[in-house]
Amino acid sequence: MENHKNYFHLHLISDSTGETLIAAGRAAAAQFQSSHALEHVYPLIRNRKQLMQVMEAVDGAPGIVLYTIVDRELADIIDATCKEMGLPCVSVLEPIIDLFQSYLGATSRRRSGAQHVMDAGYFARIDALNFTMDHDDGQLPADFNDADVVLVGISRTSKTPTSIYLANRGIKTANIPIVTGVPLPERLMEATKPLIVGLIATADRISQVRQNRVLGTASHSFRAEDYVDRASIAEELKYARSLCARNNWPMIDVTRRSIEETAAAIVALRPRLR
């Protein structure tokens with residue numbers, strides 16, 4: 001019975017994809033470690049019929065309601081219905097929109113999904129993602145100087161997922177594995193445009209991750225036992241650190257960082273090093 005109290009329903013109602021709500025809801029829920037949110041996501045809710053079905057679902061599993069609905073009439077329905085049910089609800093964007101309107105002296109156009117418009121920024125993100133996929137794991141080294149960021153690091157330091165996350169921010173990212181005794185591509189050493197960042201972690205963390213992955217054969221020449229051996233990994237890390245130090249490349253320890261936190265640290269480095 002006590003465990004049941006540690007769970008609560010979190011209803012996320014959006015007139016778009018719901019990505020903003022999911023991020024906000026999870027960020028808030030993460031501050032309460034003794035409780036776990038059971039997420040109910042309702043995307044693309046844009047008319048009264050859809051909304052009433054959602055509110056019936058909310059009534060069947062009472063909890064916190066967060067929404068991003070720009071249609072004022074629909075938003076009022078959510079507020080009124082939640083009040084009748086005795087449930088807390090918050091319009092996540094409304095306080096921010098009000099602040100913008102006050103500062104800019106202009107009225108919001110209230111367009112559903114406006115953040116997903118296919119403008120120049122959208123196509124820049126697509127271009128960055130294509131570039132990043134083409135330059136994963138050291139591919140197409142001749143193009144390294146066209147990258148915004150190049151990530152280097154030994155196997156299992158989250159180079160690929162971090163690269164993809166940065167690409168979704170519109171940052172063209174290449175990544176290259178560091179293998180002890182194997183020189184990095186000359187084109188990387190000659191590159192002047194990209195920010196080059198080394199990703200490192202503790203030997204224990206890397207060993208744990210490697211043990212949970214199917215061992216590859218193309219990207220390294222180690223035997224399986226060496227690949228997960230902490231002493232061998234420590235030597236790999238020593239080599240990677242010396243390589244980054246020799247080239248004045250900043251290093252980020254990803255041991256206790258999420259992909260999002262690592263990407264944020266890289267983004268923060270860019271203006272300082274430009």
# chains A, B, ... in the order shown; residues from 1 in each chain; ligands from 1
call {"tool": "residues_around", "arguments": {"residues": "Thr192 in chain A", "least_positions_apart": "2", "cutoff": "10 Å", "atoms": "only C-alpha atoms", "output": "list of chain:residue names"}}
result
A:Phe144, A:Asn145, A:Asp146, A:Ala147, A:Arg187, A:Leu188, A:Met189, A:Glu190, A:Pro194, A:Leu195, A:Ile196
call {"tool": "write_last_selection", "arguments": {"atoms": "all heavy atoms", "output": "PDB file, in the first residue's frame"}}
result
ATOM      1  N   PHE A 144      35.994  16.567 -42.520  1.00  0.00           N
ATOM      2  CA  PHE A 144      35.995  16.954 -41.110  1.00  0.00           C
ATOM      3  C   PHE A 144      35.996  18.461 -40.892  1.00  0.00           C
ATOM      4  O   PHE A 144      35.434  18.963 -39.923  1.00  0.00           O
ATOM      5  CB  PHE A 144      37.198  16.338 -40.386  1.00  0.00           C
ATOM      6  CG  PHE A 144      37.014  14.874 -40.065  1.00  0.00           C
ATOM      7  CD1 PHE A 144      38.106  14.057 -39.860  1.00  0.00           C
ATOM      8  CD2 PHE A 144      35.745  14.323 -39.984  1.00  0.00           C
ATOM      9  CE1 PHE A 144      37.944  12.707 -39.567  1.00  0.00           C
ATOM     10  CE2 PHE A 144      35.568  12.979 -39.696  1.00  0.00           C
ATOM     11  CZ  PHE A 144      36.665  12.166 -39.495  1.00  0.00           C
ATOM     12  N   ASN A 145      36.625  19.203 -41.810  1.00  0.00           N
ATOM     13  CA  ASN A 145      36.678  20.650 -41.610  1.00  0.00           C
ATOM     14  C   ASN A 145      35.334  21.326 -41.864  1.00  0.00           C
ATOM     15  O   ASN A 145      35.151  22.507 -41.572  1.00  0.00           O
ATOM     16  CB  ASN A 145      37.749  21.282 -42.506  1.00  0.00           C
ATOM     17  CG  ASN A 145      38.238  22.607 -41.953  1.00  0.00           C
ATOM     18  OD1 ASN A 145      38.534  22.729 -40.757  1.00  0.00           O
ATOM     19  ND2 ASN A 145      38.299  23.627 -42.792  1.00  0.00           N
ATOM     20  N   ASP A 146      34.370  20.576 -42.404  1.00  0.00           N
ATOM     21  CA  ASP A 146      33.022  21.116 -42.602  1.00  0.00           C
ATOM     22  C   ASP A 146      32.154  20.947 -41.354  1.00  0.00           C
ATOM     23  O   ASP A 146      31.038  21.478 -41.284  1.00  0.00           O
ATOM     24  CB  ASP A 146      32.331  20.408 -43.774  1.00  0.00           C
ATOM     25  CG  ASP A 146      33.010  20.702 -45.099  1.00  0.00           C
ATOM     26  OD1 ASP A 146      33.583  21.803 -45.240  1.00  0.00           O
ATOM     27  OD2 ASP A 146      32.971  19.826 -45.992  1.00  0.00           O
ATOM     28  N   ALA A 147      32.652  20.206 -40.368  1.00  0.00           N
ATOM     29  CA  ALA A 147      31.893  19.964 -39.140  1.00  0.00           C
ATOM     30  C   ALA A 147      31.932  21.191 -38.227  1.00  0.00           C
ATOM     31  O   ALA A 147      32.860  22.002 -38.277  1.00  0.00           O
ATOM     32  CB  ALA A 147      32.460  18.749 -38.401  1.00  0.00           C
ATOM     33  N   ARG A 187      43.365  14.672 -41.729  1.00  0.00           N
ATOM     34  CA  ARG A 187      42.396  15.740 -41.999  1.00  0.00           C
ATOM     35  C   ARG A 187      41.842  16.324 -40.708  1.00  0.00           C
ATOM     36  O   ARG A 187      41.480  17.502 -40.659  1.00  0.00           O
ATOM     37  CB  ARG A 187      41.250  15.206 -42.866  1.00  0.00           C
ATOM     38  CG  ARG A 187      41.658  14.917 -44.300  1.00  0.00           C
ATOM     39  CD  ARG A 187      42.193  16.169 -45.000  1.00  0.00           C
ATOM     40  NE  ARG A 187      42.528  15.922 -46.391  1.00  0.00           N
ATOM     41  CZ  ARG A 187      41.710  16.154 -47.404  1.00  0.00           C
ATOM     42  NH1 ARG A 187      40.498  16.626 -47.186  1.00  0.00           N
ATOM     43  NH2 ARG A 187      42.100  15.906 -48.640  1.00  0.00           N
ATOM     44  N   LEU A 188      41.743  15.516 -39.662  1.00  0.00           N
ATOM     45  CA  LEU A 188      41.293  16.036 -38.378  1.00  0.00           C
ATOM     46  C   LEU A 188      42.359  16.944 -37.780  1.00  0.00           C
ATOM     47  O   LEU A 188      42.044  18.036 -37.275  1.00  0.00           O
ATOM     48  CB  LEU A 188      40.992  14.887 -37.408  1.00  0.00           C
ATOM     49  CG  LEU A 188      40.623  15.335 -35.991  1.00  0.00           C
ATOM     50  CD1 LEU A 188      39.284  16.061 -35.982  1.00  0.00           C
ATOM     51  CD2 LEU A 188      40.571  14.138 -35.042  1.00  0.00           C
ATOM     52  N   MET A 189      43.597  16.528 -37.829  1.00  0.00           N
ATOM     53  CA  MET A 189      44.685  17.315 -37.258  1.00  0.00           C
ATOM     54  C   MET A 189      44.868  18.644 -38.000  1.00  0.00           C
ATOM     55  O   MET A 189      45.338  19.621 -37.430  1.00  0.00           O
ATOM     56  CB  MET A 189      46.000  16.512 -37.283  1.00  0.00           C
ATOM     57  CG  MET A 189      45.869  15.082 -36.768  1.00  0.00           C
ATOM     58  SD  MET A 189      45.085  14.979 -35.135  1.00  0.00           S
ATOM     59  CE  MET A 189      46.355  15.694 -34.116  1.00  0.00           C
ATOM     60  N   GLU A 190      44.445  18.664 -39.271  1.00  0.00           N
ATOM     61  CA  GLU A 190      44.587  19.882 -40.071  1.00  0.00           C
ATOM     62  C   GLU A 190      43.353  20.782 -39.994  1.00  0.00           C
ATOM     63  O   GLU A 190      43.394  21.935 -40.430  1.00  0.00           O
ATOM     64  CB  GLU A 190      44.823  19.504 -41.543  1.00  0.00           C
ATOM     65  CG  GLU A 190      46.113  18.722 -41.788  1.00  0.00           C
ATOM     66  CD  GLU A 190      46.165  18.119 -43.178  1.00  0.00           C
ATOM     67  OE1 GLU A 190      45.150  18.239 -43.907  1.00  0.00           O
ATOM     68  OE2 GLU A 190      47.208  17.535 -43.537  1.00  0.00           O
ATOM     69  N   PRO A 194      36.189  23.140 -36.898  1.00  0.00           N
ATOM     70  CA  PRO A 194      35.388  22.514 -35.833  1.00  0.00           C
ATOM     71  C   PRO A 194      35.991  22.655 -34.447  1.00  0.00           C
ATOM     72  O   PRO A 194      37.208  22.778 -34.272  1.00  0.00           O
ATOM     73  CB  PRO A 194      35.336  21.045 -36.257  1.00  0.00           C
ATOM     74  CG  PRO A 194      36.581  20.839 -37.040  1.00  0.00           C
ATOM     75  CD  PRO A 194      36.831  22.134 -37.762  1.00  0.00           C
ATOM     76  N   LEU A 195      35.099  22.621 -33.455  1.00  0.00           N
ATOM     77  CA  LEU A 195      35.503  22.468 -32.064  1.00  0.00           C
ATOM     78  C   LEU A 195      35.711  20.975 -31.845  1.00  0.00           C
ATOM     79  O   LEU A 195      34.800  20.177 -32.091  1.00  0.00           O
ATOM     80  CB  LEU A 195      34.409  22.985 -31.125  1.00  0.00           C
ATOM     81  CG  LEU A 195      34.527  22.589 -29.653  1.00  0.00           C
ATOM     82  CD1 LEU A 195      35.753  23.230 -29.010  1.00  0.00           C
ATOM     83  CD2 LEU A 195      33.267  22.971 -28.896  1.00  0.00           C
ATOM     84  N   ILE A 196      36.896  20.578 -31.415  1.00  0.00           N
ATOM     85  CA  ILE A 196      37.209  19.167 -31.187  1.00  0.00           C
ATOM     86  C   ILE A 196      37.183  18.907 -29.685  1.00  0.00           C
ATOM     87  O   ILE A 196      37.866  19.600 -28.924  1.00  0.00           O
ATOM     88  CB  ILE A 196      38.576  18.789 -31.789  1.00  0.00           C
ATOM     89  CG1 ILE A 196      38.584  19.124 -33.288  1.00  0.00           C
ATOM     90  CG2 ILE A 196      38.871  17.310 -31.561  1.00  0.00           C
ATOM     91  CD1 ILE A 196      39.948  18.937 -33.949  1.00  0.00           C
TER      92      ILE A 196
END
call {"tool": "select_by_dssp", "arguments": {"residues": "range 125-183 of chain A", "states": "strand (DSSP E)", "output": "ChimeraX atom specification"}}
result
/A:149-153,173-177
call {"tool": "closest_residue", "arguments": {"among": "A:Ala27, A:Ser16, A:Ile96, A:Leu129", "to": "Asp71 in chain A", "atoms": "only C-alpha atoms"}}
result
A:Ser16
call {"tool": "closest_residue", "arguments": {"among": "A:Arg156, A:His135, A:Arg125, A:Arg230", "to": "Arg210 in chain A", "atoms": "only C-alpha atoms"}}
result
A:Arg156
call {"tool": "residues_around", "arguments": {"residues": "Leu166 in chain A", "least_positions_apart": "3", "cutoff": "9 Å", "atoms": "only C-alpha atoms", "output": "list of chain:residue names"}}
result
A:Ala128, A:Leu129, A:Thr132, A:Val149, A:Pro161, A:Thr162, A:Ser163, A:Arg169, A:Gly170, A:Ile171, A:Lys172, A:Thr173, A:Glu260, A:Ala263, A:Ala264, A:Ile266, A:Val267
call {"tool": "closest_residue", "arguments": {"among": "A:Arg256, A:Gly181, A:Gln31, A:Leu74", "to": "Lys238 in chain A", "atoms": "only C-alpha atoms"}}
result
A:Gly181
call {"tool": "atom_distance", "arguments": {"atom1": "CA of Ala167 in chain A", "atom2": "CA of Lys193 in chain A"}}
result
16.5 Å
call {"tool": "closest_residue", "arguments": {"among": "A:Ile164, A:Pro185, A:Leu12, A:Ile206", "to": "Asp127 in chain A", "atoms": "only C-alpha atoms"}}
result
A:Ile164
call {"tool": "closest_residue", "arguments": {"among": "A:Ala37, A:Leu243, A:Val197, A:Ile22", "to": "Tyr67 in chain A", "atoms": "only C-alpha atoms"}}
result
A:Ile22
call {"tool": "select_by_dssp", "arguments": {"residues": "range 36-204 of chain A", "states": "helix (DSSP H, G or I)", "output": "ChimeraX atom specification"}}
result
/A:48-60,72-85,94-104,114-116,120-134,136-138,141-146,159-167,186-190,203-204
call {"tool": "closest_residue", "arguments": {"among": "A:Ile200, A:Ile259, A:Ala29, A:Ala120", "to": "Gly153 in chain A", "atoms": "only C-alpha atoms"}}
result
A:Ile200
call {"tool": "residues_around", "arguments": {"residues": "Val179 in chain A", "least_positions_apart": "2", "cutoff": "12 Å", "atoms": "only C-alpha atoms", "output": "count of residues only"}}
result
30
call {"tool": "atom_distance", "arguments": {"atom1": "CA of Arg26 in chain A", "atom2": "CA of Leu93 in chain A"}}
result
15.6 Å
